[in-house]
$ cat upload_19.cif   # mmCIF, C-alpha atoms; chains and numbers go by the auth columns
data_target
#
loop_
_atom_site.group_PDB
_atom_site.id
_atom_site.type_symbol
_atom_site.label_atom_id
_atom_site.label_comp_id
_atom_site.label_asym_id
_atom_site.label_seq_id
_atom_site.Cartn_x
_atom_site.Cartn_y
_atom_site.Cartn_z
_atom_site.B_iso_or_equiv
_atom_site.auth_seq_id
_atom_site.auth_asym_id
ATOM 1 C CA MET A 1 8.589 10.288 -15.548 0.00 1 A
ATOM 2 C CA VAL A 2 6.576 8.857 -12.687 0.00 2 A
ATOM 3 C CA ASN A 3 4.684 5.605 -12.712 0.00 3 A
ATOM 4 C CA VAL A 4 0.954 6.154 -12.106 0.00 4 A
ATOM 5 C CA GLY A 5 -2.105 3.920 -12.065 0.00 5 A
ATOM 6 C CA ASP A 6 -5.543 3.219 -10.718 0.00 6 A
ATOM 7 C CA LEU A 7 -6.131 0.312 -8.367 0.00 7 A
ATOM 8 C CA LEU A 8 -9.868 0.342 -9.070 0.00 8 A
ATOM 9 C CA ALA A 9 -9.721 0.600 -12.879 0.00 9 A
ATOM 10 C CA GLY A 10 -9.164 -2.093 -15.483 0.00 10 A
ATOM 11 C CA ILE A 11 -10.355 -4.864 -13.205 0.00 11 A
ATOM 12 C CA PRO A 12 -10.076 -8.152 -15.079 0.00 12 A
ATOM 13 C CA ASP A 13 -12.559 -10.998 -14.622 0.00 13 A
ATOM 14 C CA ALA A 14 -11.178 -13.228 -11.866 0.00 14 A
ATOM 15 C CA SER A 15 -13.945 -15.821 -11.959 0.00 15 A
ATOM 16 C CA GLY A 16 -11.547 -18.308 -13.558 0.00 16 A
ATOM 17 C CA GLY A 17 -8.793 -17.877 -10.981 0.00 17 A
ATOM 18 C CA GLU A 18 -6.982 -15.388 -8.804 0.00 18 A
ATOM 19 C CA LEU A 19 -5.147 -12.674 -10.756 0.00 19 A
ATOM 20 C CA PHE A 20 -1.819 -11.176 -9.701 0.00 20 A
ATOM 21 C CA GLU A 21 -0.513 -7.987 -11.292 0.00 21 A
ATOM 22 C CA THR A 22 2.701 -6.152 -10.402 0.00 22 A
ATOM 23 C CA LEU A 23 2.011 -2.406 -10.297 0.00 23 A
ATOM 24 C CA SER A 24 5.477 -1.177 -9.361 0.00 24 A
ATOM 25 C CA ALA A 25 8.775 -2.887 -8.627 0.00 25 A
ATOM 26 C CA SER A 26 11.712 -0.820 -7.497 0.00 26 A
ATOM 27 C CA GLY A 27 14.611 -1.117 -5.058 0.00 27 A
ATOM 28 C CA GLY A 28 13.562 -4.568 -3.869 0.00 28 A
ATOM 29 C CA VAL A 29 9.937 -3.669 -3.133 0.00 29 A
ATOM 30 C CA ARG A 30 7.131 -5.010 -5.274 0.00 30 A
ATOM 31 C CA VAL A 31 3.612 -3.546 -5.197 0.00 31 A
ATOM 32 C CA GLU A 32 0.969 -5.954 -6.435 0.00 32 A
ATOM 33 C CA ARG A 33 -2.760 -5.925 -7.050 0.00 33 A
ATOM 34 C CA ILE A 34 -4.557 -9.208 -6.446 0.00 34 A
ATOM 35 C CA ILE A 35 -8.104 -9.863 -7.654 0.00 35 A
ATOM 36 C CA THR A 36 -9.965 -12.777 -6.090 0.00 36 A
ATOM 37 C CA GLN A 37 -13.481 -13.951 -6.821 0.00 37 A
ATOM 38 C CA GLY A 38 -14.431 -16.613 -4.330 0.00 38 A
ATOM 39 C CA GLN A 39 -11.091 -18.403 -4.464 0.00 39 A
ATOM 40 C CA ALA A 40 -9.238 -19.614 -1.390 0.00 40 A
ATOM 41 C CA THR A 41 -5.874 -21.255 -0.777 0.00 41 A
ATOM 42 C CA ALA A 42 -6.067 -24.968 -1.608 0.00 42 A
ATOM 43 C CA ALA A 43 -7.084 -27.164 1.335 0.00 43 A
ATOM 44 C CA GLY A 44 -4.162 -27.951 3.608 0.00 44 A
ATOM 45 C CA GLU A 45 -1.834 -25.505 1.828 0.00 45 A
ATOM 46 C CA TRP A 46 -0.067 -22.583 3.510 0.00 46 A
ATOM 47 C CA TYR A 47 1.869 -19.648 2.119 0.00 47 A
ATOM 48 C CA ASP A 48 5.316 -19.715 3.691 0.00 48 A
ATOM 49 C CA GLN A 49 7.214 -16.819 2.151 0.00 49 A
ATOM 50 C CA ALA A 50 10.862 -15.889 2.532 0.00 50 A
ATOM 51 C CA TRP A 51 9.921 -12.190 2.356 0.00 51 A
ATOM 52 C CA HIS A 52 7.688 -9.758 4.224 0.00 52 A
ATOM 53 C CA GLU A 53 4.225 -8.958 2.930 0.00 53 A
ATOM 54 C CA TRP A 54 1.888 -6.127 3.880 0.00 54 A
ATOM 55 C CA VAL A 55 -1.598 -6.682 2.589 0.00 55 A
ATOM 56 C CA LEU A 56 -4.580 -4.296 2.439 0.00 56 A
ATOM 57 C CA LEU A 57 -8.102 -5.367 1.610 0.00 57 A
ATOM 58 C CA VAL A 58 -9.309 -2.638 -0.759 0.00 58 A
ATOM 59 C CA LYS A 59 -12.740 -3.985 -1.765 0.00 59 A
ATOM 60 C CA GLY A 60 -14.768 -7.095 -0.994 0.00 60 A
ATOM 61 C CA GLU A 61 -14.226 -9.385 1.974 0.00 61 A
ATOM 62 C CA ALA A 62 -11.940 -12.241 2.995 0.00 62 A
ATOM 63 C CA LEU A 63 -10.974 -14.552 5.835 0.00 63 A
ATOM 64 C CA LEU A 64 -7.232 -14.908 6.354 0.00 64 A
ATOM 65 C CA MET A 65 -5.879 -17.577 8.675 0.00 65 A
ATOM 66 C CA ILE A 66 -2.528 -17.434 10.451 0.00 66 A
ATOM 67 C CA GLU A 67 -1.083 -20.799 11.436 0.00 67 A
ATOM 68 C CA GLY A 68 -1.426 -21.397 15.150 0.00 68 A
ATOM 69 C CA GLU A 69 -4.288 -18.973 15.661 0.00 69 A
ATOM 70 C CA LEU A 70 -7.734 -20.258 16.578 0.00 70 A
ATOM 71 C CA GLU A 71 -9.830 -18.067 14.295 0.00 71 A
ATOM 72 C CA PRO A 72 -9.224 -16.474 10.912 0.00 72 A
ATOM 73 C CA HIS A 73 -9.053 -12.684 10.597 0.00 73 A
ATOM 74 C CA ARG A 74 -12.075 -11.229 8.823 0.00 74 A
ATOM 75 C CA LEU A 75 -10.802 -8.538 6.477 0.00 75 A
ATOM 76 C CA LEU A 76 -13.087 -5.749 5.292 0.00 76 A
ATOM 77 C CA PRO A 77 -12.152 -2.743 3.138 0.00 77 A
ATOM 78 C CA GLY A 78 -9.427 -0.664 4.761 0.00 78 A
ATOM 79 C CA GLN A 79 -8.132 -3.494 6.934 0.00 79 A
ATOM 80 C CA TRP A 80 -4.506 -4.504 6.609 0.00 80 A
ATOM 81 C CA MET A 81 -2.080 -7.069 7.973 0.00 81 A
ATOM 82 C CA LEU A 82 1.689 -7.245 8.119 0.00 82 A
ATOM 83 C CA LEU A 83 2.749 -10.836 7.421 0.00 83 A
ATOM 84 C CA PRO A 84 6.387 -11.207 8.428 0.00 84 A
ATOM 85 C CA ALA A 85 8.573 -13.585 6.423 0.00 85 A
ATOM 86 C CA HIS A 86 7.758 -17.209 7.265 0.00 86 A
ATOM 87 C CA CYS A 87 4.481 -16.305 8.969 0.00 87 A
ATOM 88 C CA ARG A 88 2.465 -19.188 7.543 0.00 88 A
ATOM 89 C CA HIS A 89 -0.941 -18.043 6.361 0.00 89 A
ATOM 90 C CA ARG A 90 -3.754 -19.027 4.036 0.00 90 A
ATOM 91 C CA VAL A 91 -6.800 -17.387 2.530 0.00 91 A
ATOM 92 C CA GLU A 92 -9.720 -19.349 3.963 0.00 92 A
ATOM 93 C CA TRP A 93 -12.486 -17.628 2.037 0.00 93 A
ATOM 94 C CA THR A 94 -13.224 -14.698 -0.237 0.00 94 A
ATOM 95 C CA LEU A 95 -16.577 -13.235 -1.221 0.00 95 A
ATOM 96 C CA PRO A 96 -18.137 -15.373 -3.962 0.00 96 A
ATOM 97 C CA GLY A 97 -19.582 -13.858 -7.141 0.00 97 A
ATOM 98 C CA GLN A 98 -17.813 -10.512 -6.873 0.00 98 A
ATOM 99 C CA ASN A 99 -14.288 -9.175 -6.867 0.00 99 A
ATOM 100 C CA THR A 100 -12.199 -8.870 -3.777 0.00 100 A
ATOM 101 C CA ILE A 101 -9.334 -6.447 -4.472 0.00 101 A
ATOM 102 C CA TRP A 102 -6.120 -6.660 -2.466 0.00 102 A
ATOM 103 C CA LEU A 103 -3.062 -4.472 -2.412 0.00 103 A
ATOM 104 C CA ALA A 104 0.036 -6.474 -1.468 0.00 104 A
ATOM 105 C CA LEU A 105 3.551 -5.201 -0.855 0.00 105 A
ATOM 106 C CA HIS A 106 6.427 -7.615 -0.866 0.00 106 A
ATOM 107 C CA TRP A 107 9.946 -6.883 0.306 0.00 107 A
ATOM 108 C CA PRO A 108 13.021 -8.804 1.401 0.00 108 A
ATOM 109 C CA GLU A 109 13.371 -9.873 4.999 0.00 109 A
ATOM 110 C CA HIS A 110 16.726 -8.152 5.343 0.00 110 A
ATOM 111 C CA ASN A 111 17.474 -4.810 3.762 0.00 111 A
ATOM 112 C CA ARG A 112 20.704 -2.918 3.841 0.00 112 A
ATOM 113 C CA ASN A 113 19.092 -0.050 5.708 0.00 113 A
ATOM 114 C CA GLU A 114 16.854 -0.782 8.627 0.00 114 A
ATOM 115 C CA GLU A 115 14.723 2.333 8.385 0.00 115 A
ATOM 116 C CA GLY A 116 12.822 4.099 5.637 0.00 116 A
ATOM 117 C CA GLY A 117 13.260 7.844 5.596 0.00 117 A
ATOM 118 C CA ARG A 118 11.310 10.910 6.600 0.00 118 A
ATOM 119 C CA MET B 1 1.678 -12.362 16.289 0.00 1 B
ATOM 120 C CA VAL B 2 0.815 -10.353 13.228 0.00 2 B
ATOM 121 C CA ASN B 3 0.367 -6.624 13.059 0.00 3 B
ATOM 122 C CA VAL B 4 -3.170 -5.699 11.937 0.00 4 B
ATOM 123 C CA GLY B 5 -5.098 -2.459 11.534 0.00 5 B
ATOM 124 C CA ASP B 6 -7.770 -0.505 9.764 0.00 6 B
ATOM 125 C CA LEU B 7 -6.847 2.324 7.431 0.00 7 B
ATOM 126 C CA LEU B 8 -10.350 3.789 7.633 0.00 8 B
ATOM 127 C CA ALA B 9 -10.835 3.600 11.420 0.00 9 B
ATOM 128 C CA GLY B 10 -9.615 5.914 14.150 0.00 10 B
ATOM 129 C CA ILE B 11 -9.311 8.872 11.802 0.00 11 B
ATOM 130 C CA PRO B 12 -8.026 11.838 13.789 0.00 12 B
ATOM 131 C CA ASP B 13 -9.108 15.403 13.087 0.00 13 B
ATOM 132 C CA ALA B 14 -6.615 16.857 10.604 0.00 14 B
ATOM 133 C CA SER B 15 -8.139 20.312 10.411 0.00 15 B
ATOM 134 C CA GLY B 16 -5.200 21.713 12.389 0.00 16 B
ATOM 135 C CA GLY B 17 -2.508 20.197 10.176 0.00 17 B
ATOM 136 C CA GLU B 18 -1.541 17.113 8.202 0.00 18 B
ATOM 137 C CA LEU B 19 -1.192 13.971 10.318 0.00 19 B
ATOM 138 C CA PHE B 20 1.393 11.244 9.676 0.00 20 B
ATOM 139 C CA GLU B 21 1.114 7.850 11.348 0.00 21 B
ATOM 140 C CA THR B 22 3.451 4.886 10.840 0.00 22 B
ATOM 141 C CA LEU B 23 1.388 1.705 10.543 0.00 23 B
ATOM 142 C CA SER B 24 4.190 -0.796 10.041 0.00 24 B
ATOM 143 C CA ALA B 25 7.966 -0.540 9.819 0.00 25 B
ATOM 144 C CA SER B 26 9.974 -3.611 9.023 0.00 26 B
ATOM 145 C CA GLY B 27 13.042 -4.539 6.994 0.00 27 B
ATOM 146 C CA GLY B 28 13.618 -0.987 5.787 0.00 28 B
ATOM 147 C CA VAL B 29 10.070 -0.412 4.544 0.00 29 B
ATOM 148 C CA ARG B 30 7.746 1.978 6.312 0.00 30 B
ATOM 149 C CA VAL B 31 3.981 1.992 5.731 0.00 31 B
ATOM 150 C CA GLU B 32 2.338 5.266 6.668 0.00 32 B
ATOM 151 C CA ARG B 33 -1.156 6.725 6.767 0.00 33 B
ATOM 152 C CA ILE B 34 -1.431 10.426 6.026 0.00 34 B
ATOM 153 C CA ILE B 35 -4.561 12.447 6.763 0.00 35 B
ATOM 154 C CA THR B 36 -4.900 15.800 5.045 0.00 36 B
ATOM 155 C CA GLN B 37 -7.734 18.276 5.324 0.00 37 B
ATOM 156 C CA GLY B 38 -7.241 21.028 2.813 0.00 38 B
ATOM 157 C CA GLN B 39 -3.509 21.382 3.454 0.00 39 B
ATOM 158 C CA ALA B 40 -0.937 21.695 0.680 0.00 40 B
ATOM 159 C CA THR B 41 2.839 21.861 0.573 0.00 41 B
ATOM 160 C CA ALA B 42 4.015 25.383 1.470 0.00 42 B
ATOM 161 C CA ALA B 43 4.339 27.729 -1.510 0.00 43 B
ATOM 162 C CA GLY B 44 7.609 27.241 -3.356 0.00 44 B
ATOM 163 C CA GLU B 45 8.522 24.130 -1.349 0.00 45 B
ATOM 164 C CA TRP B 46 9.220 20.710 -2.867 0.00 46 B
ATOM 165 C CA TYR B 47 9.647 17.311 -1.308 0.00 47 B
ATOM 166 C CA ASP B 48 13.039 15.965 -2.409 0.00 48 B
ATOM 167 C CA GLN B 49 13.440 12.609 -0.695 0.00 49 B
ATOM 168 C CA ALA B 50 16.462 10.308 -0.625 0.00 50 B
ATOM 169 C CA TRP B 51 14.110 7.292 -0.658 0.00 51 B
ATOM 170 C CA HIS B 52 11.383 5.871 -2.872 0.00 52 B
ATOM 171 C CA GLU B 53 7.739 6.526 -2.083 0.00 53 B
ATOM 172 C CA TRP B 54 4.640 4.791 -3.413 0.00 54 B
ATOM 173 C CA VAL B 55 1.504 6.694 -2.599 0.00 55 B
ATOM 174 C CA LEU B 56 -2.150 5.669 -2.919 0.00 56 B
ATOM 175 C CA LEU B 57 -5.054 8.048 -2.542 0.00 57 B
ATOM 176 C CA VAL B 58 -7.533 6.085 -0.440 0.00 58 B
ATOM 177 C CA LYS B 59 -10.273 8.682 0.134 0.00 59 B
ATOM 178 C CA GLY B 60 -10.803 12.317 -0.828 0.00 60 B
ATOM 179 C CA GLU B 61 -9.021 14.123 -3.619 0.00 61 B
ATOM 180 C CA ALA B 62 -5.691 15.843 -4.244 0.00 62 B
ATOM 181 C CA LEU B 63 -3.511 17.516 -6.845 0.00 63 B
ATOM 182 C CA LEU B 64 0.103 16.367 -6.851 0.00 64 B
ATOM 183 C CA MET B 65 2.684 18.241 -8.909 0.00 65 B
ATOM 184 C CA ILE B 66 5.911 16.746 -10.213 0.00 66 B
ATOM 185 C CA GLU B 67 8.675 19.255 -10.910 0.00 67 B
ATOM 186 C CA GLY B 68 9.107 19.830 -14.630 0.00 68 B
ATOM 187 C CA GLU B 69 5.614 18.720 -15.582 0.00 69 B
ATOM 188 C CA LEU B 70 3.097 21.217 -16.913 0.00 70 B
ATOM 189 C CA GLU B 71 0.025 20.078 -14.995 0.00 71 B
ATOM 190 C CA PRO B 72 -0.487 18.464 -11.600 0.00 72 B
ATOM 191 C CA HIS B 73 -1.848 14.917 -11.371 0.00 73 B
ATOM 192 C CA ARG B 74 -5.412 14.815 -10.069 0.00 74 B
ATOM 193 C CA LEU B 75 -5.628 11.894 -7.635 0.00 75 B
ATOM 194 C CA LEU B 76 -8.953 10.251 -6.856 0.00 76 B
ATOM 195 C CA PRO B 77 -9.561 7.168 -4.664 0.00 77 B
ATOM 196 C CA GLY B 78 -7.659 4.149 -5.986 0.00 78 B
ATOM 197 C CA GLN B 79 -5.086 6.196 -7.877 0.00 79 B
ATOM 198 C CA TRP B 80 -1.442 5.719 -7.028 0.00 80 B
ATOM 199 C CA MET B 81 1.956 7.094 -7.975 0.00 81 B
ATOM 200 C CA LEU B 82 5.478 5.789 -7.610 0.00 82 B
ATOM 201 C CA LEU B 83 7.729 8.691 -6.680 0.00 83 B
ATOM 202 C CA PRO B 84 11.325 7.590 -7.181 0.00 84 B
ATOM 203 C CA ALA B 85 13.977 8.987 -4.846 0.00 85 B
ATOM 204 C CA HIS B 86 14.758 12.604 -5.692 0.00 86 B
ATOM 205 C CA CYS B 87 11.665 13.014 -7.833 0.00 87 B
ATOM 206 C CA ARG B 88 10.768 16.492 -6.626 0.00 88 B
ATOM 207 C CA HIS B 89 7.055 16.806 -5.941 0.00 89 B
ATOM 208 C CA ARG B 90 4.551 18.862 -4.007 0.00 90 B
ATOM 209 C CA VAL B 91 0.942 18.585 -2.942 0.00 91 B
ATOM 210 C CA GLU B 92 -0.748 21.498 -4.704 0.00 92 B
ATOM 211 C CA TRP B 93 -4.209 21.039 -3.223 0.00 93 B
ATOM 212 C CA THR B 94 -6.339 18.690 -1.149 0.00 94 B
ATOM 213 C CA LEU B 95 -10.082 18.681 -0.675 0.00 95 B
ATOM 214 C CA PRO B 96 -11.044 21.333 1.907 0.00 96 B
ATOM 215 C CA GLY B 97 -13.384 20.577 4.813 0.00 97 B
ATOM 216 C CA GLN B 98 -13.040 16.805 4.696 0.00 98 B
ATOM 217 C CA ASN B 99 -10.345 14.212 5.133 0.00 99 B
ATOM 218 C CA THR B 100 -8.146 13.009 2.346 0.00 100 B
ATOM 219 C CA ILE B 101 -6.575 9.696 3.348 0.00 101 B
ATOM 220 C CA TRP B 102 -3.300 8.574 1.797 0.00 102 B
ATOM 221 C CA LEU B 103 -1.358 5.369 2.115 0.00 103 B
ATOM 222 C CA ALA B 104 2.362 5.971 1.639 0.00 104 B
ATOM 223 C CA LEU B 105 5.162 3.418 1.471 0.00 105 B
ATOM 224 C CA HIS B 106 8.718 4.534 1.937 0.00 106 B
ATOM 225 C CA TRP B 107 11.792 2.464 1.235 0.00 107 B
ATOM 226 C CA PRO B 108 15.498 2.995 0.610 0.00 108 B
ATOM 227 C CA GLU B 109 16.711 3.745 -2.886 0.00 109 B
ATOM 228 C CA HIS B 110 19.107 0.828 -2.819 0.00 110 B
ATOM 229 C CA ASN B 111 18.285 -2.508 -1.222 0.00 111 B
ATOM 230 C CA ARG B 112 20.522 -5.481 -0.869 0.00 112 B
ATOM 231 C CA ASN B 113 18.204 -7.576 -3.005 0.00 113 B
ATOM 232 C CA GLU B 114 16.871 -6.107 -6.192 0.00 114 B
ATOM 233 C CA GLU B 115 13.641 -8.099 -6.369 0.00 115 B
ATOM 234 C CA GLY B 116 10.824 -8.905 -3.966 0.00 116 B
ATOM 235 C CA GLY B 117 9.720 -12.497 -3.960 0.00 117 B
ATOM 236 C CA ARG B 118 6.865 -14.600 -5.367 0.00 118 B
#

$ encode --input "upload_19.cif" --output "structure tokens"
Amino acid sequence: MVNVGDLLAGIPDASGGELFETLSASGGVRVERIITQGQATAAGEWYDQAWHEWVLLVKGEALLMIEGELEPHRLLPGQWMLLPAHCRHRVEWTLPGQNTIWLALHWPEHNRNEEGGR
Amino acid sequence: MVNVGDLLAGIPDASGGELFETLSASGGVRVERIITQGQATAAGEWYDQAWHEWVLLVKGEALLMIEGELEPHRLLPGQWMLLPAHCRHRVEWTLPGQNTIWLALHWPEHNRNEEGGR
């Protein structure tokens, strides 16, 4: 039995706060949908994660800042970033009044195998 | 320096055959864009992979068959499937005459850590 779903269906109301939902979790990799509606990382705070994250902006718009860079990255639908473990980053801004949908993949910094197949 | 890109930009012409492009590869996880234009898996062939795959249909339309199921899954934009290692599957059909864009994640069946973070 395979696990199936729709990233664009069943979108909850995120006006009260960012929403995180795990879609799949298997073999150390977690696939997550994030819904944002105008929220940003709290002032002065940075995400500093012990694992790798690959993030895709699916819908909406956001500004994502990497520590040490001069300007945030403007993310539009289809744009993605690989955030290596301990790459300090923050969400500066997301589109107010409508949903921004993110797909985020999280996986450990060190895996037993260094390469995926195919 | 972070790795950034656009899933919807720089789309090559896939009329001559399916195109596979690795976007990111880190810590055992490989993120791939696949462009299909009417192609399907060869008759009687199945993918039988030793690794897990999570696939998202980004644009276009496809029919994906899982061995042992009666009907293929119709995938529209936003729909995803987790294909565990050794889950035999085939692409029955993709939209002819225009691009179908897939995002595929590949990772080993067994990782050292069983859970991604956050």

$ interface_residues --input "upload_19.cif" --of "chain A" --to "chain B" --cutoff "10 Å" --atoms "only C-alpha atoms" --output "PyMOL selection string"
chain A and resi 1-9+23-31+49-58+66+68-69+73+75-84+87+105-118

$ write_last_selection --input "upload_19.cif" --atoms "C-alpha atoms" --output "mmCIF file, keeping the file's coordinate frame"
data_model
loop_
_atom_site.group_PDB
_atom_site.id
_atom_site.type_symbol
_atom_site.label_atom_id
_atom_site.label_comp_id
_atom_site.auth_asym_id
_atom_site.auth_seq_id
_atom_site.Cartn_x
_atom_site.Cartn_y
_atom_site.Cartn_z
ATOM 1 C CA MET A 1 8.589 10.288 -15.548
ATOM 2 C CA VAL A 2 6.576 8.857 -12.687
ATOM 3 C CA ASN A 3 4.684 5.605 -12.712
ATOM 4 C CA VAL A 4 0.954 6.154 -12.106
ATOM 5 C CA GLY A 5 -2.105 3.920 -12.065
ATOM 6 C CA ASP A 6 -5.543 3.219 -10.718
ATOM 7 C CA LEU A 7 -6.131 0.312 -8.367
ATOM 8 C CA LEU A 8 -9.868 0.342 -9.070
ATOM 9 C CA ALA A 9 -9.721 0.600 -12.879
ATOM 10 C CA LEU A 23 2.011 -2.406 -10.297
ATOM 11 C CA SER A 24 5.477 -1.177 -9.361
ATOM 12 C CA ALA A 25 8.775 -2.887 -8.627
ATOM 13 C CA SER A 26 11.712 -0.820 -7.497
ATOM 14 C CA GLY A 27 14.611 -1.117 -5.058
ATOM 15 C CA GLY A 28 13.562 -4.568 -3.869
ATOM 16 C CA VAL A 29 9.937 -3.669 -3.133
ATOM 17 C CA ARG A 30 7.131 -5.010 -5.274
ATOM 18 C CA VAL A 31 3.612 -3.546 -5.197
ATOM 19 C CA GLN A 49 7.214 -16.819 2.151
ATOM 20 C CA ALA A 50 10.862 -15.889 2.532
ATOM 21 C CA TRP A 51 9.921 -12.190 2.356
ATOM 22 C CA HIS A 52 7.688 -9.758 4.224
ATOM 23 C CA GLU A 53 4.225 -8.958 2.930
ATOM 24 C CA TRP A 54 1.888 -6.127 3.880
ATOM 25 C CA VAL A 55 -1.598 -6.682 2.589
ATOM 26 C CA LEU A 56 -4.580 -4.296 2.439
ATOM 27 C CA LEU A 57 -8.102 -5.367 1.610
ATOM 28 C CA VAL A 58 -9.309 -2.638 -0.759
ATOM 29 C CA ILE A 66 -2.528 -17.434 10.451
ATOM 30 C CA GLY A 68 -1.426 -21.397 15.150
ATOM 31 C CA GLU A 69 -4.288 -18.973 15.661
ATOM 32 C CA HIS A 73 -9.053 -12.684 10.597
ATOM 33 C CA LEU A 75 -10.802 -8.538 6.477
ATOM 34 C CA LEU A 76 -13.087 -5.749 5.292
ATOM 35 C CA PRO A 77 -12.152 -2.743 3.138
ATOM 36 C CA GLY A 78 -9.427 -0.664 4.761
ATOM 37 C CA GLN A 79 -8.132 -3.494 6.934
ATOM 38 C CA TRP A 80 -4.506 -4.504 6.609
ATOM 39 C CA MET A 81 -2.080 -7.069 7.973
ATOM 40 C CA LEU A 82 1.689 -7.245 8.119
ATOM 41 C CA LEU A 83 2.749 -10.836 7.421
ATOM 42 C CA PRO A 84 6.387 -11.207 8.428
ATOM 43 C CA CYS A 87 4.481 -16.305 8.969
ATOM 44 C CA LEU A 105 3.551 -5.201 -0.855
ATOM 45 C CA HIS A 106 6.427 -7.615 -0.866
ATOM 46 C CA TRP A 107 9.946 -6.883 0.306
ATOM 47 C CA PRO A 108 13.021 -8.804 1.401
ATOM 48 C CA GLU A 109 13.371 -9.873 4.999
ATOM 49 C CA HIS A 110 16.726 -8.152 5.343
ATOM 50 C CA ASN A 111 17.474 -4.810 3.762
ATOM 51 C CA ARG A 112 20.704 -2.918 3.841
ATOM 52 C CA ASN A 113 19.092 -0.050 5.708
ATOM 53 C CA GLU A 114 16.854 -0.782 8.627
ATOM 54 C CA GLU A 115 14.723 2.333 8.385
ATOM 55 C CA GLY A 116 12.822 4.099 5.637
ATOM 56 C CA GLY A 117 13.260 7.844 5.596
ATOM 57 C CA ARG A 118 11.310 10.910 6.600
#

$ resolve_selection --input "upload_19.cif" --expression "the PyMOL selection byres ((chain A and resi 98) around 10)" --output "mmCIF file with C-alpha atoms, keeping the file's coordinate frame"
data_model
loop_
_atom_site.group_PDB
_atom_site.id
_atom_site.type_symbol
_atom_site.label_atom_id
_atom_site.label_comp_id
_atom_site.auth_asym_id
_atom_site.auth_seq_id
_atom_site.Cartn_x
_atom_site.Cartn_y
_atom_site.Cartn_z
ATOM 1 C CA ASP A 13 -12.559 -10.998 -14.622
ATOM 2 C CA ALA A 14 -11.178 -13.228 -11.866
ATOM 3 C CA SER A 15 -13.945 -15.821 -11.959
ATOM 4 C CA ILE A 35 -8.104 -9.863 -7.654
ATOM 5 C CA THR A 36 -9.965 -12.777 -6.090
ATOM 6 C CA GLN A 37 -13.481 -13.951 -6.821
ATOM 7 C CA GLY A 38 -14.431 -16.613 -4.330
ATOM 8 C CA LYS A 59 -12.740 -3.985 -1.765
ATOM 9 C CA GLY A 60 -14.768 -7.095 -0.994
ATOM 10 C CA GLU A 61 -14.226 -9.385 1.974
ATOM 11 C CA THR A 94 -13.224 -14.698 -0.237
ATOM 12 C CA LEU A 95 -16.577 -13.235 -1.221
ATOM 13 C CA PRO A 96 -18.137 -15.373 -3.962
ATOM 14 C CA GLY A 97 -19.582 -13.858 -7.141
ATOM 15 C CA ASN A 99 -14.288 -9.175 -6.867
ATOM 16 C CA THR A 100 -12.199 -8.870 -3.777
ATOM 17 C CA ILE A 101 -9.334 -6.447 -4.472
#

$ residues_around --input "upload_19.cif" --residues "Phe20 in chain A" --least-positions-apart "6" --cutoff "9 Å" --atoms "all atoms listed in the file" --output "PDB file with C-alpha atoms, keeping the file's coordinate frame"
ATOM      1  CA  GLU A  32       0.969  -5.954  -6.435  1.00  0.00           C
ATOM      2  CA  ARG A  33      -2.760  -5.925  -7.050  1.00  0.00           C
ATOM      3  CA  ILE A  34      -4.557  -9.208  -6.446  1.00  0.00           C
ATOM      4  CA  ILE A  35      -8.104  -9.863  -7.654  1.00  0.00           C
TER       5      ILE A  35
END

$ atom_distance --input "upload_19.cif" --atom1 "CA of Ala62 in chain B" --atom2 "CA of Ala40 in chain B"
9.0 Å

$ atom_distance --input "upload_19.cif" --atom1 "CA of Gly44 in chain A" --atom2 "CA of Arg90 in chain A"
8.9 Å

$ atom_distance --input "upload_19.cif" --atom1 "CA of Arg88 in chain A" --atom2 "CA of Trp102 in chain B"
28.9 Å

$ axis_aligned_box --input "upload_19.cif" --around "range 91-101 of chain B" --padding-each-side "5 Å" --output "lines of an AutoDock Vina configuration file"
center_x = -6.2
center_y = 15.6
center_z = 0.2
size_x = 24.3
size_y = 21.8
size_z = 19.8
